[in-house]
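Participant: Below are the structure tokens for one structure; questions will follow.
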Amino acid sequence: MDDSSTIIYNTLDEGYDFFITDKWGENHHFKILSFMVPSGLLSDAIEVNAEASDRASIDREPRLFQVLSDFDADVETAELRLKAKIQKGINIKYLTRKQGYLTIHKSKLAGRFHGDYFEVDGLKLTHEEFIQTISCYEGWHFTLKFDDDMD
């Protein structure tokens, strides 16, 4: 396939703004875009973080949410499913900060692995920070599960 037939979508540039508040009253800004992919209609959302000059944004990683629908799916219905997935996702917190350290809330942790770091609750964790966070469970049994982003 030559480059002239490749289509690239950029949700941050082409998507529309979606603002949502989590159950703790924190406001979140996402960009949403739906487009066709070889397997159907992909509805994509990416969190828009504060400017990089803001110290908090340096330690944050944009959260991503996606929904894959059939080819003949209604865009509005697909995006409603995506927005419900966003609402569910932002209303779960796996980490709490106690005495300056991150701790796991309710013995469960979920996020994304990026190779150089982990994202949990929108926070960037280095390998060392991740290990430090789970070190309180040393000696416990654990289950590691990898989930596909699509539903």
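For the structure tokens, the naming scheme is as follows: chains receive sequential letters (A, B, ...) according to their order of presentation, residues are indexed from 1 within each chain, and ligands are indexed from 1 in presentation order.
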Applying 6 Å and only C-alpha atoms, which residues near range 39-48 of chain A remain after dropping the ones on its own chain fewer than 4 positions away? List them as a PyMOL selection string.

Facilitator: chain A and resi 29-35+62-71

Participant: So which bits of chain A end up helix (DSSP H, G or I) when you DSSP the backbone, as number ranges by chain?

Facilitator: A: 3-5, 11-14, 55-58, 75-90, 105-107, 127-137

Participant: Suppose you want the space between CA of His105 in chain A and CA of Lys93 in chain A; what is it in Å?

Facilitator: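 Between CA of His105 in chain A and CA of Lys93 in chain A the gap works out to 7.4 Å.
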
Participant: Please determine, counting only C-alpha atoms, which residue among A:Lys124, A:Lys83, A:Lys108, A:His114 has the shortest atom-to-atom distance to Phe142 in chain A.

Facilitator: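 Between A:Lys124, A:Lys83, A:Lys108, A:His114, the residue approaching Phe142 in chain A most closely is A:Lys108.
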
Participant: Would you work out the distance separating CA of Asp72 in chain A from CA of Ile20 in chain A, expressed in Å to one decimal?

Facilitator: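 About the pair CA of Asp72 in chain A and CA of Ile20 in chain A: they are 27.7 Å apart.
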
Participant: List as a PyMOL selection string the protein and nucleic acid residues near Leu123 in chain A, meaning an atom at most 12 Å away when only C-alpha atoms are counted, but skip any in the same chain fewer than 3 places from it.

Facilitator: chain A and resi 49+56-63+93-97+102+110-113+117-120+126+129-130

Participant: What gap, in Å, lies between CA of Met36 in chain A and CA of Ile90 in chain A?

Facilitator: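 Interatomic distance, CA of Met36 in chain A to CA of Ile90 in chain A: 25.9 Å.
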
Participant: Rank nothing, just name the residue among A:Thr21, A:Thr77, A:Thr6, A:Gln132 nearest to Val37 in chain A, using only C-alpha atoms.

Facilitator: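 Of the candidates, the smallest distance to Val37 in chain A is held by A:Thr6.
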